[in-house]
Amino acid sequence: MADARTLIVGLGNPAADYGGTRHNLGADTVRTLAEDLGLRLKRHRAGGVAADGRVGAGGPPVTLFVPSGYMNNSGGPVQRALRFYKLSLDDLVVVYDDIDLPAWVVRLKRGGGPGGHNGVRDIIDRCGGRDFLRVRIGVGRPPGRQEPASYVLARIPAALLDDALASVRRAADATRDLVTDGLESAQNIHHAPA
């Protein structure tokens, strides 16, 4: 991604009500990355919290961004952040949970549909395209007949919390590698069998 700025967006719902849920793993990842980079997320006029910095000493510039409000309305804040920084979809990385991946697996890709994820759908609709980079954190399918929405919005059981935190750590590392080394190189590292 050379020396162009990258907007890294972590999707989630308001942490006061939805912290500790599968649906907030994207936002958790961006907060973890902010800690790693020594950055403090602050209110941003685009409608969320943001921090500007670099990945490593002299590394590429990034803006970390967590939209405020509910995930299904993420597109507006992302659109405003892209406009504020004069960036395009080529400069966007979105980090989010994915029920179509096995639990705690991290996968990177560019483009594709929303896959039933309403936050991603809203970004595609509001930003006018789907050709942006994605860091997907698998949460697995809901058990039995449980509705997907209630599954991803329920608190992660204590027995699975270590696995969830480890997946956030892997996603933060994968996001960093994606920005510094590009998609193919990051996939070669993070898609390797465990």
# chains A, B, ... in the order shown; residues from 1 in each chain; ligands from 1
>>> residues_around(residues="stretch 67-70 of chain A", least_positions_apart="2", cutoff="10 Å", atoms="only C-alpha atoms", output="MDAnalysis selection string")
chainID A and resid 9:15 18 27 43:44 46:50 65 72:78 81 119
>>> residues_around(residues="A:Ile8", least_positions_apart="6", cutoff="9 Å", atoms="only C-alpha atoms", output="list in words")
Val30, Val62, Thr63, Leu64, Phe65, Val66, Asp91, Leu92, Val93, Val94, Val95 and Thr175 of chain A
>>> atom_distance(atom1="atom CA of A:Ala158", atom2="atom CA of A:His23")
16.0 Å
>>> select_by_dssp(residues="chain A", states="helix (DSSP H, G or I)", output="PyMOL selection string")
chain A and resi 15-18+22-36+71-73+75-85+89-91+118-127+148-153+158-181+183-190
>>> closest_residue(among="A:Asp98, A:Glu184, A:Asp162, A:Asp173", to="A:Pro142", atoms="only C-alpha atoms")
A:Asp98
>>> select_by_dssp(residues="stretch 9-157 of chain A", states="strand (DSSP E)", output="JSON, numbers by chain")
{"A": [9, 10, 42, 43, 44, 48, 49, 50, 51, 52, 53, 54, 61, 62, 63, 64, 65, 66, 67, 92, 93, 94, 95, 96, 97, 98, 106, 107, 108, 109, 110, 133, 134, 135, 136, 137, 138]}
>>> atom_distance(atom1="atom CA of A:Gly56", atom2="atom CA of A:Val135")
19.6 Å
